[in-house]
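Colleague: First, the structure itself, so that you have it in front of you.
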Amino acid sequence: MKKSMHTLVAGLIAALMSSVAFAYPDKPVTIIVPFAAGGPTDKVARDLAEAMRKHLNNQTIVIDNVGGAGGTLGVNKAAKAPADGYTLLVHHAGLATAPALYRSLPYKTLEDLEFLGMINDVPMTIVGRPSLPANNMAELRTWINANKGKINLANAGLGAASHLCGLLFQQAVAVDMATIPYKGTAPAMTDLMANQVDLMCDQTTNTSGQIESGKIKAFAVTTPKRLTTPALAKLPTMDESGFKGFNVTIWHGLYAPKGTPKPILDQLNAALKAALKDPEFVKREEALGAVVINDNRVNPAEHKKFVEAEIAKWGPAIKAAGQYAD
């Protein structure tokens with residue numbers, strides 16, 4: 001009797017979950033972006049939302065920009081949201097670097113989120129103000145060595161992609177620079193174009209347009225091979241420029257609060273995979289120099305395994321730099 005009752009209850013729960021997944025989504029879905037509007041992660045999220053909604057009953061997907069504390073405020077809001085599939089998170093490699101940057105986090109990275117799949121890999125670019133005297137990486141290296149103690153290096157805030165790449169860049173050139181954190185990529189780029197700061201290392205999703213228009217100077221890309229997009233094809237790699245092994249990409253992933261029902265997670269993963277094959281989405285990402293993921297990291301288990309490896313990789317580099325948020 002007990003066994004049959006257990007079977008009945010299990011069947012009812014399965015049926016309920018199935019009906020929930022079938023009805024999902026029946027109202028707008030929110031994607032939290034833990035950075036300011038107009039930045040590279042915001043661009044990725046908005047393009048992804050447009051591609052995913054086609055596979056989610058054409059529901060509206062709203063972008064909620066929750067900036068602050070290097071992305072941790074937005075992650076915490078997503079982790080604490082109802083686990084019903086109506087609040088998602090798009091975040092970059094900062095998710096894996098926060099455990100080293102912050103001595104205490106209000107969430108557990110690997111325990112409080114459901115990993116839905118990777119979105120893209122985004123190369124970084126070493127860029128400078130338009131009035132900078134250097135015109136290539138060799139000249140930039142000479143200028144850096146001649147101006148030690150006078151150089152400003154902008155970033156979009158502690159834990160942002162530009163901050164992380166900037167840490168590695170300073171280590172590579174063996175010169176400490178005055179890092180200038182901004183509240184987002186857009187104001188940092190504005191000051192760079194206005195010659196208020198000297199250098200920045202930022203994602204191609206944010207720099208391609210400014211490079212192509214000649215509003216900033218570009219010196220190198222951080223990928224093992226040169227990029228093929230028109231605005232970036234002429235740029236050498238850091239490796240070519242004498243910085244062996246300087247290969248940095250900033251990836252993005254999609255997440256949901258822990259405990260979101262599996263049928264909904266499966267539906268979201270299917271919508272993500274379809275979006276990553278959407279020709280318009282791929283075209284937009286490639287135009288910005290980003291590479292859309294097409295390997296096993298689009299699967300939740302492999303996505304989580306990759307983030308675990310990234311936490312292990314970035315931790316020592318951040319601790320060696322001695323830069324902490326608290």
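The way I read the labels, and the way they are meant: chains A, B, ... in the order of the structure tokens, residue 1 as the first residue of every chain, and ligand 1 as the first ligand shown, with later ones counted on from there.
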Please identify every residue of stretch 37-134 of chain A that has at least one atom no farther than 12 Å from an atom of stretch 155-172 of chain A, counting only C-alpha atoms, and for each give the shortest atom pair and the distance in Å to one decimal, arranged by chain then increasing number, as a tab-separated table.
Modeller:
residue	atom	partner	partner_atom	distance
A:Ala37	CA	A:Ala156	CA	11.9
A:Gly38	CA	A:Ala156	CA	11.6
A:Gly39	CA	A:Ala156	CA	8.8
A:Pro40	CA	A:Ala161	CA	9.4
A:Thr41	CA	A:Ala161	CA	9.5
A:Gly67	CA	A:Gly157	CA	9.7
A:Gly68	CA	A:Gly157	CA	8.2
A:Ala69	CA	A:Leu158	CA	7.0
A:Gly70	CA	A:Gly159	CA	4.5
A:Gly71	CA	A:Gly159	CA	7.1
A:Thr72	CA	A:Gly159	CA	8.9
A:Leu73	CA	A:Gly159	CA	11.8
A:His91	CA	A:Ala160	CA	10.3
A:His92	CA	A:Ala161	CA	7.7
A:Ala93	CA	A:Ala161	CA	7.1
A:Gly94	CA	A:Gly159	CA	5.7
A:Leu95	CA	A:Gly159	CA	8.7
A:Ala96	CA	A:Gly159	CA	9.8
A:Thr97	CA	A:Gly159	CA	7.0
A:Ala98	CA	A:Gly159	CA	6.6
A:Pro99	CA	A:Gly159	CA	10.2
A:Ala100	CA	A:Gly159	CA	9.8
A:Leu101	CA	A:Gly159	CA	7.1
A:Tyr102	CA	A:Gly159	CA	9.2
A:Val122	CA	A:Ala161	CA	10.0
A:Pro123	CA	A:Cys165	CA	10.4
A:Met124	CA	A:Cys165	CA	7.7
A:Thr125	CA	A:Cys165	CA	9.2
A:Ile126	CA	A:Phe169	CA	8.7
A:Val127	CA	A:Ser162	CA	10.8
Colleague: Generate a file of the selected residues that holds N, CA and C atoms, formatted as a PDB file, in the first residue's frame.
Modeller:
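Written out: result.pdb:
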ATOM      1  N   ALA A  37      24.262  49.120 -18.204  1.00  0.00           N
ATOM      2  CA  ALA A  37      23.761  49.053 -19.576  1.00  0.00           C
ATOM      3  C   ALA A  37      24.790  49.646 -20.530  1.00  0.00           C
ATOM      4  N   GLY A  38      24.872  49.082 -21.731  1.00  0.00           N
ATOM      5  CA  GLY A  38      25.786  49.604 -22.739  1.00  0.00           C
ATOM      6  C   GLY A  38      27.129  48.919 -22.773  1.00  0.00           C
ATOM      7  N   GLY A  39      27.437  48.114 -21.760  1.00  0.00           N
ATOM      8  CA  GLY A  39      28.700  47.402 -21.725  1.00  0.00           C
ATOM      9  C   GLY A  39      28.647  46.124 -22.544  1.00  0.00           C
ATOM     10  N   PRO A  40      29.778  45.422 -22.676  1.00  0.00           N
ATOM     11  CA  PRO A  40      29.839  44.223 -23.510  1.00  0.00           C
ATOM     12  C   PRO A  40      28.940  43.084 -23.039  1.00  0.00           C
ATOM     13  N   THR A  41      28.847  42.857 -21.729  1.00  0.00           N
ATOM     14  CA  THR A  41      27.975  41.787 -21.239  1.00  0.00           C
ATOM     15  C   THR A  41      26.513  42.128 -21.500  1.00  0.00           C
ATOM     16  N   GLY A  67      24.212  46.581 -11.555  1.00  0.00           N
ATOM     17  CA  GLY A  67      25.655  46.758 -11.433  1.00  0.00           C
ATOM     18  C   GLY A  67      26.088  46.950  -9.992  1.00  0.00           C
ATOM     19  N   GLY A  68      27.403  46.886  -9.793  1.00  0.00           N
ATOM     20  CA  GLY A  68      27.956  47.141  -8.470  1.00  0.00           C
ATOM     21  C   GLY A  68      28.719  45.966  -7.911  1.00  0.00           C
ATOM     22  N   ALA A  69      29.771  46.272  -7.157  1.00  0.00           N
ATOM     23  CA  ALA A  69      30.581  45.263  -6.467  1.00  0.00           C
ATOM     24  C   ALA A  69      31.107  44.194  -7.422  1.00  0.00           C
ATOM     25  N   GLY A  70      31.588  44.644  -8.598  1.00  0.00           N
ATOM     26  CA  GLY A  70      32.211  43.720  -9.534  1.00  0.00           C
ATOM     27  C   GLY A  70      31.293  42.641 -10.056  1.00  0.00           C
ATOM     28  N   GLY A  71      29.992  42.902 -10.055  1.00  0.00           N
ATOM     29  CA  GLY A  71      29.042  41.916 -10.551  1.00  0.00           C
ATOM     30  C   GLY A  71      28.393  41.079  -9.463  1.00  0.00           C
ATOM     31  N   THR A  72      28.917  41.145  -8.238  1.00  0.00           N
ATOM     32  CA  THR A  72      28.404  40.265  -7.188  1.00  0.00           C
ATOM     33  C   THR A  72      26.989  40.633  -6.737  1.00  0.00           C
ATOM     34  N   LEU A  73      26.608  41.904  -6.846  1.00  0.00           N
ATOM     35  CA  LEU A  73      25.241  42.292  -6.471  1.00  0.00           C
ATOM     36  C   LEU A  73      24.219  41.640  -7.394  1.00  0.00           C
ATOM     37  N   HIS A  91      26.388  36.189 -17.202  1.00  0.00           N
ATOM     38  CA  HIS A  91      27.600  36.706 -16.549  1.00  0.00           C
ATOM     39  C   HIS A  91      28.822  36.227 -17.314  1.00  0.00           C
ATOM     40  N   HIS A  92      29.930  36.931 -17.131  1.00  0.00           N
ATOM     41  CA  HIS A  92      31.164  36.545 -17.803  1.00  0.00           C
ATOM     42  C   HIS A  92      32.127  35.868 -16.825  1.00  0.00           C
ATOM     43  N   ALA A  93      33.399  35.871 -17.172  1.00  0.00           N
ATOM     44  CA  ALA A  93      34.410  35.172 -16.373  1.00  0.00           C
ATOM     45  C   ALA A  93      34.512  35.694 -14.950  1.00  0.00           C
ATOM     46  N   GLY A  94      33.932  36.870 -14.695  1.00  0.00           N
ATOM     47  CA  GLY A  94      33.944  37.403 -13.337  1.00  0.00           C
ATOM     48  C   GLY A  94      33.271  36.485 -12.336  1.00  0.00           C
ATOM     49  N   LEU A  95      32.392  35.618 -12.821  1.00  0.00           N
ATOM     50  CA  LEU A  95      31.768  34.651 -11.913  1.00  0.00           C
ATOM     51  C   LEU A  95      32.822  33.730 -11.304  1.00  0.00           C
ATOM     52  N   ALA A  96      33.856  33.417 -12.093  1.00  0.00           N
ATOM     53  CA  ALA A  96      34.906  32.506 -11.624  1.00  0.00           C
ATOM     54  C   ALA A  96      36.021  33.222 -10.871  1.00  0.00           C
ATOM     55  N   THR A  97      36.135  34.545 -11.052  1.00  0.00           N
ATOM     56  CA  THR A  97      37.203  35.279 -10.375  1.00  0.00           C
ATOM     57  C   THR A  97      36.754  35.875  -9.047  1.00  0.00           C
ATOM     58  N   ALA A  98      35.451  36.047  -8.864  1.00  0.00           N
ATOM     59  CA  ALA A  98      34.943  36.648  -7.625  1.00  0.00           C
ATOM     60  C   ALA A  98      35.371  35.908  -6.365  1.00  0.00           C
ATOM     61  N   PRO A  99      35.413  34.567  -6.356  1.00  0.00           N
ATOM     62  CA  PRO A  99      35.836  33.880  -5.134  1.00  0.00           C
ATOM     63  C   PRO A  99      37.246  34.261  -4.675  1.00  0.00           C
ATOM     64  N   ALA A 100      38.117  34.670  -5.613  1.00  0.00           N
ATOM     65  CA  ALA A 100      39.456  35.096  -5.238  1.00  0.00           C
ATOM     66  C   ALA A 100      39.510  36.593  -4.934  1.00  0.00           C
ATOM     67  N   LEU A 101      38.685  37.372  -5.636  1.00  0.00           N
ATOM     68  CA  LEU A 101      38.692  38.826  -5.454  1.00  0.00           C
ATOM     69  C   LEU A 101      38.033  39.247  -4.145  1.00  0.00           C
ATOM     70  N   TYR A 102      37.022  38.488  -3.733  1.00  0.00           N
ATOM     71  CA  TYR A 102      36.248  38.854  -2.548  1.00  0.00           C
ATOM     72  C   TYR A 102      36.484  37.833  -1.440  1.00  0.00           C
ATOM     73  N   VAL A 122      34.996  35.686 -25.810  1.00  0.00           N
ATOM     74  CA  VAL A 122      35.254  37.019 -26.339  1.00  0.00           C
ATOM     75  C   VAL A 122      36.723  37.376 -26.165  1.00  0.00           C
ATOM     76  N   PRO A 123      37.429  37.633 -27.271  1.00  0.00           N
ATOM     77  CA  PRO A 123      38.819  38.070 -27.169  1.00  0.00           C
ATOM     78  C   PRO A 123      38.899  39.453 -26.527  1.00  0.00           C
ATOM     79  N   MET A 124      40.084  39.784 -26.028  1.00  0.00           N
ATOM     80  CA  MET A 124      40.344  41.097 -25.459  1.00  0.00           C
ATOM     81  C   MET A 124      41.287  41.865 -26.388  1.00  0.00           C
ATOM     82  N   THR A 125      41.281  43.177 -26.256  1.00  0.00           N
ATOM     83  CA  THR A 125      42.161  44.019 -27.055  1.00  0.00           C
ATOM     84  C   THR A 125      42.913  44.987 -26.133  1.00  0.00           C
ATOM     85  N   ILE A 126      44.166  45.222 -26.436  1.00  0.00           N
ATOM     86  CA  ILE A 126      44.943  46.243 -25.738  1.00  0.00           C
ATOM     87  C   ILE A 126      44.745  47.546 -26.517  1.00  0.00           C
ATOM     88  N   VAL A 127      44.111  48.530 -25.886  1.00  0.00           N
ATOM     89  CA  VAL A 127      43.788  49.777 -26.582  1.00  0.00           C
ATOM     90  C   VAL A 127      44.286  50.975 -25.776  1.00  0.00           C
TER      91      VAL A 127
END
Colleague: For A:Val173, list every protein, DNA or RNA residue within 12 Å, evaluated using only C-alpha atoms, and leave out those in the same chain fewer than 6 positions away; present the list as a VMD selection string.
Modeller: chain A and resid 137 to 138 140 to 145 148 166 to 167 238 241 to 244 246
Colleague: Create the file for the chosen residues now, containing N, CA and C atoms and written as a PDB file, in the first residue's frame.
Modeller:
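Result saved to result-v7.pdb:
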ATOM      1  N   MET A 137      52.683  47.773 -30.904  1.00  0.00           N
ATOM      2  CA  MET A 137      52.993  47.203 -29.600  1.00  0.00           C
ATOM      3  C   MET A 137      54.455  47.431 -29.201  1.00  0.00           C
ATOM      4  N   ALA A 138      55.356  47.407 -30.154  1.00  0.00           N
ATOM      5  CA  ALA A 138      56.765  47.647 -29.830  1.00  0.00           C
ATOM      6  C   ALA A 138      56.951  49.074 -29.299  1.00  0.00           C
ATOM      7  N   LEU A 140      54.586  50.877 -27.995  1.00  0.00           N
ATOM      8  CA  LEU A 140      53.859  50.981 -26.726  1.00  0.00           C
ATOM      9  C   LEU A 140      54.720  50.464 -25.582  1.00  0.00           C
ATOM     10  N   ARG A 141      55.409  49.379 -25.817  1.00  0.00           N
ATOM     11  CA  ARG A 141      56.265  48.802 -24.775  1.00  0.00           C
ATOM     12  C   ARG A 141      57.370  49.800 -24.385  1.00  0.00           C
ATOM     13  N   THR A 142      57.936  50.469 -25.387  1.00  0.00           N
ATOM     14  CA  THR A 142      58.973  51.476 -25.124  1.00  0.00           C
ATOM     15  C   THR A 142      58.395  52.648 -24.339  1.00  0.00           C
ATOM     16  N   TRP A 143      57.197  53.086 -24.730  1.00  0.00           N
ATOM     17  CA  TRP A 143      56.543  54.204 -24.052  1.00  0.00           C
ATOM     18  C   TRP A 143      56.216  53.861 -22.603  1.00  0.00           C
ATOM     19  N   ILE A 144      55.752  52.640 -22.373  1.00  0.00           N
ATOM     20  CA  ILE A 144      55.434  52.201 -21.006  1.00  0.00           C
ATOM     21  C   ILE A 144      56.681  52.235 -20.132  1.00  0.00           C
ATOM     22  N   ASN A 145      57.776  51.706 -20.653  1.00  0.00           N
ATOM     23  CA  ASN A 145      59.014  51.675 -19.869  1.00  0.00           C
ATOM     24  C   ASN A 145      59.557  53.078 -19.592  1.00  0.00           C
ATOM     25  N   LYS A 148      57.128  54.988 -16.512  1.00  0.00           N
ATOM     26  CA  LYS A 148      56.776  54.278 -15.288  1.00  0.00           C
ATOM     27  C   LYS A 148      56.344  55.255 -14.199  1.00  0.00           C
ATOM     28  N   GLY A 166      43.621  43.692 -17.278  1.00  0.00           N
ATOM     29  CA  GLY A 166      44.591  44.704 -16.875  1.00  0.00           C
ATOM     30  C   GLY A 166      45.601  44.181 -15.873  1.00  0.00           C
ATOM     31  N   LEU A 167      45.152  43.333 -14.946  1.00  0.00           N
ATOM     32  CA  LEU A 167      46.068  42.722 -13.981  1.00  0.00           C
ATOM     33  C   LEU A 167      47.142  41.906 -14.691  1.00  0.00           C
ATOM     34  N   MET A 238      49.144  39.168 -28.832  1.00  0.00           N
ATOM     35  CA  MET A 238      50.123  39.469 -27.789  1.00  0.00           C
ATOM     36  C   MET A 238      51.298  38.504 -27.890  1.00  0.00           C
ATOM     37  N   SER A 241      53.671  39.588 -30.351  1.00  0.00           N
ATOM     38  CA  SER A 241      54.317  40.836 -29.920  1.00  0.00           C
ATOM     39  C   SER A 241      55.356  40.626 -28.831  1.00  0.00           C
ATOM     40  N   GLY A 242      55.649  39.363 -28.539  1.00  0.00           N
ATOM     41  CA  GLY A 242      56.697  39.075 -27.569  1.00  0.00           C
ATOM     42  C   GLY A 242      56.203  38.691 -26.189  1.00  0.00           C
ATOM     43  N   PHE A 243      54.881  38.657 -25.998  1.00  0.00           N
ATOM     44  CA  PHE A 243      54.324  38.273 -24.697  1.00  0.00           C
ATOM     45  C   PHE A 243      53.830  36.825 -24.800  1.00  0.00           C
ATOM     46  N   LYS A 244      54.750  35.916 -24.764  1.00  0.00           N
ATOM     47  CA  LYS A 244      54.438  34.500 -24.972  1.00  0.00           C
ATOM     48  C   LYS A 244      53.456  33.988 -23.911  1.00  0.00           C
ATOM     49  N   PHE A 246      50.397  34.904 -23.450  1.00  0.00           N
ATOM     50  CA  PHE A 246      49.374  35.858 -23.007  1.00  0.00           C
ATOM     51  C   PHE A 246      48.120  35.630 -23.862  1.00  0.00           C
TER      52      PHE A 246
END
Colleague: List the spatial neighbours of A:Phe306 as a PDB file with C-alpha atoms, in the first residue's frame - criterion: any atom at most 12 Å away, only C-alpha atoms, same-chain residues fewer than 4 positions off excluded.
Modeller:
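Dumped to out10.pdb:
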ATOM      1  CA  ALA A  93      34.410  35.172 -16.373  1.00  0.00           C
ATOM      2  CA  LEU A  95      31.768  34.651 -11.913  1.00  0.00           C
ATOM      3  CA  ALA A  96      34.906  32.506 -11.624  1.00  0.00           C
ATOM      4  CA  LEU A 110      29.004  26.444  -7.496  1.00  0.00           C
ATOM      5  CA  PHE A 115      24.415  26.144 -14.949  1.00  0.00           C
ATOM      6  CA  GLY A 117      25.347  26.521 -20.810  1.00  0.00           C
ATOM      7  CA  MET A 118      28.065  28.728 -22.253  1.00  0.00           C
ATOM      8  CA  TRP A 251      33.500  33.914 -21.770  1.00  0.00           C
ATOM      9  CA  HIS A 252      29.814  34.367 -21.016  1.00  0.00           C
ATOM     10  CA  GLY A 253      27.354  31.859 -19.590  1.00  0.00           C
ATOM     11  CA  ASP A 295      31.293  22.533 -28.168  1.00  0.00           C
ATOM     12  CA  ASN A 296      30.144  20.466 -25.170  1.00  0.00           C
ATOM     13  CA  ARG A 297      30.216  23.518 -22.891  1.00  0.00           C
ATOM     14  CA  VAL A 298      26.685  24.282 -24.100  1.00  0.00           C
ATOM     15  CA  ASN A 299      25.630  21.405 -21.824  1.00  0.00           C
ATOM     16  CA  PRO A 300      24.997  22.210 -18.125  1.00  0.00           C
ATOM     17  CA  ALA A 301      27.386  19.641 -16.637  1.00  0.00           C
ATOM     18  CA  GLU A 302      30.292  20.649 -18.880  1.00  0.00           C
ATOM     19  CA  GLU A 310      38.370  28.707 -14.316  1.00  0.00           C
ATOM     20  CA  ILE A 311      38.090  29.313 -10.560  1.00  0.00           C
ATOM     21  CA  ALA A 312      41.215  27.209 -10.084  1.00  0.00           C
ATOM     22  CA  LYS A 313      43.053  29.067 -12.897  1.00  0.00           C
TER      23      LYS A 313
END
Colleague: Find the residue from A:Asn152, A:Thr109, A:Thr223, A:Asn120 that sits nearest to A:Ala275; use only C-alpha atoms when measuring.
Modeller: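 When distances to A:Ala275 are compared using only C-alpha atoms, the smallest one comes from A:Asn120.
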Colleague: Using only C-alpha atoms, which protein or nucleic acid residues come within 6 Å of A:Thr237? Drop anything in the same chain fewer than 3 positions from it, and give the result as a PDB file with C-alpha atoms, in the first residue's frame.
Modeller:
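Resulting contents of around-v9.pdb:
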ATOM      1  CA  ALA A 220      47.075  43.786 -29.999  1.00  0.00           C
ATOM      2  CA  VAL A 221      44.519  41.045 -29.448  1.00  0.00           C
ATOM      3  CA  THR A 222      44.784  38.455 -26.686  1.00  0.00           C
ATOM      4  CA  ARG A 226      44.791  36.730 -35.232  1.00  0.00           C
ATOM      5  CA  GLU A 240      53.385  37.625 -31.703  1.00  0.00           C
TER       6      GLU A 240
END
Colleague: With only C-alpha atoms as the atoms that count, which of A:Leu105, A:Ile32, A:Ala287, A:Met52 lies nearest to A:Thr228?
Modeller: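 Between A:Leu105, A:Ile32, A:Ala287, A:Met52, the residue approaching A:Thr228 most closely is A:Ala287.
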Colleague: May I ask for the distance between atom CA of A:Val292 and atom CA of A:Leu272, given in Å to one decimal place?
Modeller: 11.5 Å
Colleague: Where in stretch 23-120 of chain A does DSSP assign strand (DSSP E or B), given as a PyMOL selection string?
Modeller: chain A and resi 29-33+61-65+87-92+113-120
Colleague: Please, what distance in Å, to one decimal, runs between atom CA of A:Asp176 and atom CA of A:Ala320?
Modeller: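 So the answer is 13.2 Å.
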Colleague: Work out how far apart atom CA of A:Glu286 and atom CA of A:Gly209 are and give it in Å to one decimal.
Modeller: 12.7 Å
Colleague: Find the residues around stretch 256-261 of chain A up to 8 Å (only C-alpha atoms counted), leave out those fewer than 4 positions away in its own chain, and share them as an mmCIF file with N, CA and C atoms, in the first residue's frame.
Modeller:
data_model
loop_
_atom_site.group_PDB
_atom_site.id
_atom_site.type_symbol
_atom_site.label_atom_id
_atom_site.label_comp_id
_atom_site.auth_asym_id
_atom_site.auth_seq_id
_atom_site.Cartn_x
_atom_site.Cartn_y
_atom_site.Cartn_z
ATOM 1 N N MET A 17 5.152 18.694 -12.844
ATOM 2 C CA MET A 17 6.350 19.285 -13.414
ATOM 3 C C MET A 17 6.237 19.373 -14.929
ATOM 4 N N ALA A 78 20.197 37.274 -8.525
ATOM 5 C CA ALA A 78 19.750 36.123 -9.318
ATOM 6 C C ALA A 78 19.694 34.859 -8.473
ATOM 7 N N ALA A 79 20.728 34.651 -7.650
ATOM 8 C CA ALA A 79 20.781 33.448 -6.815
ATOM 9 C C ALA A 79 19.644 33.402 -5.805
ATOM 10 N N LYS A 80 19.198 34.578 -5.341
ATOM 11 C CA LYS A 80 18.145 34.644 -4.328
ATOM 12 C C LYS A 80 16.740 34.772 -4.933
ATOM 13 N N ALA A 81 16.645 34.835 -6.247
ATOM 14 C CA ALA A 81 15.347 34.984 -6.917
ATOM 15 C C ALA A 81 14.550 33.685 -6.846
ATOM 16 N N PRO A 82 13.215 33.753 -7.000
ATOM 17 C CA PRO A 82 12.409 32.530 -7.033
ATOM 18 C C PRO A 82 12.908 31.588 -8.118
ATOM 19 N N ALA A 83 12.992 30.317 -7.788
ATOM 20 C CA ALA A 83 13.520 29.316 -8.727
ATOM 21 C C ALA A 83 12.397 28.803 -9.624
ATOM 22 N N ASP A 84 11.860 29.708 -10.449
ATOM 23 C CA ASP A 84 10.728 29.349 -11.289
ATOM 24 C C ASP A 84 10.988 29.538 -12.777
ATOM 25 N N GLY A 85 12.228 29.884 -13.117
ATOM 26 C CA GLY A 85 12.566 30.050 -14.519
ATOM 27 C C GLY A 85 12.319 31.438 -15.073
ATOM 28 N N THR A 87 13.618 34.264 -13.716
ATOM 29 C CA THR A 87 14.785 35.114 -13.483
ATOM 30 C C THR A 87 16.032 34.330 -13.861
ATOM 31 N N LEU A 88 16.780 34.850 -14.813
ATOM 32 C CA LEU A 88 18.005 34.221 -15.283
ATOM 33 C C LEU A 88 19.165 35.193 -15.096
ATOM 34 N N LEU A 89 20.357 34.720 -15.361
ATOM 35 C CA LEU A 89 21.569 35.536 -15.210
ATOM 36 C C LEU A 89 22.495 35.293 -16.388
ATOM 37 N N GLU A 111 27.183 26.359 -5.877
ATOM 38 C CA GLU A 111 26.069 25.704 -5.194
ATOM 39 C C GLU A 111 24.735 26.429 -5.344
ATOM 40 N N ASP A 112 24.765 27.728 -5.568
ATOM 41 C CA ASP A 112 23.527 28.515 -5.546
ATOM 42 C C ASP A 112 22.980 28.842 -6.925
ATOM 43 N N LEU A 113 23.603 28.306 -7.977
ATOM 44 C CA LEU A 113 23.143 28.561 -9.338
ATOM 45 C C LEU A 113 23.000 27.263 -10.115
ATOM 46 N N GLU A 114 22.077 27.274 -11.062
ATOM 47 C CA GLU A 114 21.965 26.196 -12.041
ATOM 48 C C GLU A 114 22.727 26.654 -13.282
ATOM 49 N N PHE A 115 23.604 25.813 -13.783
ATOM 50 C CA PHE A 115 24.415 26.144 -14.949
ATOM 51 C C PHE A 115 23.685 25.676 -16.205
ATOM 52 N N LEU A 116 23.358 26.609 -17.091
ATOM 53 C CA LEU A 116 22.535 26.293 -18.260
ATOM 54 C C LEU A 116 23.352 26.073 -19.526
ATOM 55 N N LEU A 265 14.600 23.854 -16.770
ATOM 56 C CA LEU A 265 16.025 23.945 -17.104
ATOM 57 C C LEU A 265 16.291 23.329 -18.483
#
Colleague: Check the DSSP output for the backbone and give back, as a ChimeraX atom specification, the residues of stretch 196-311 of chain A in helix (DSSP H, G or I).
Modeller: /A:204-212,262-276,279-287,296-298,300-311
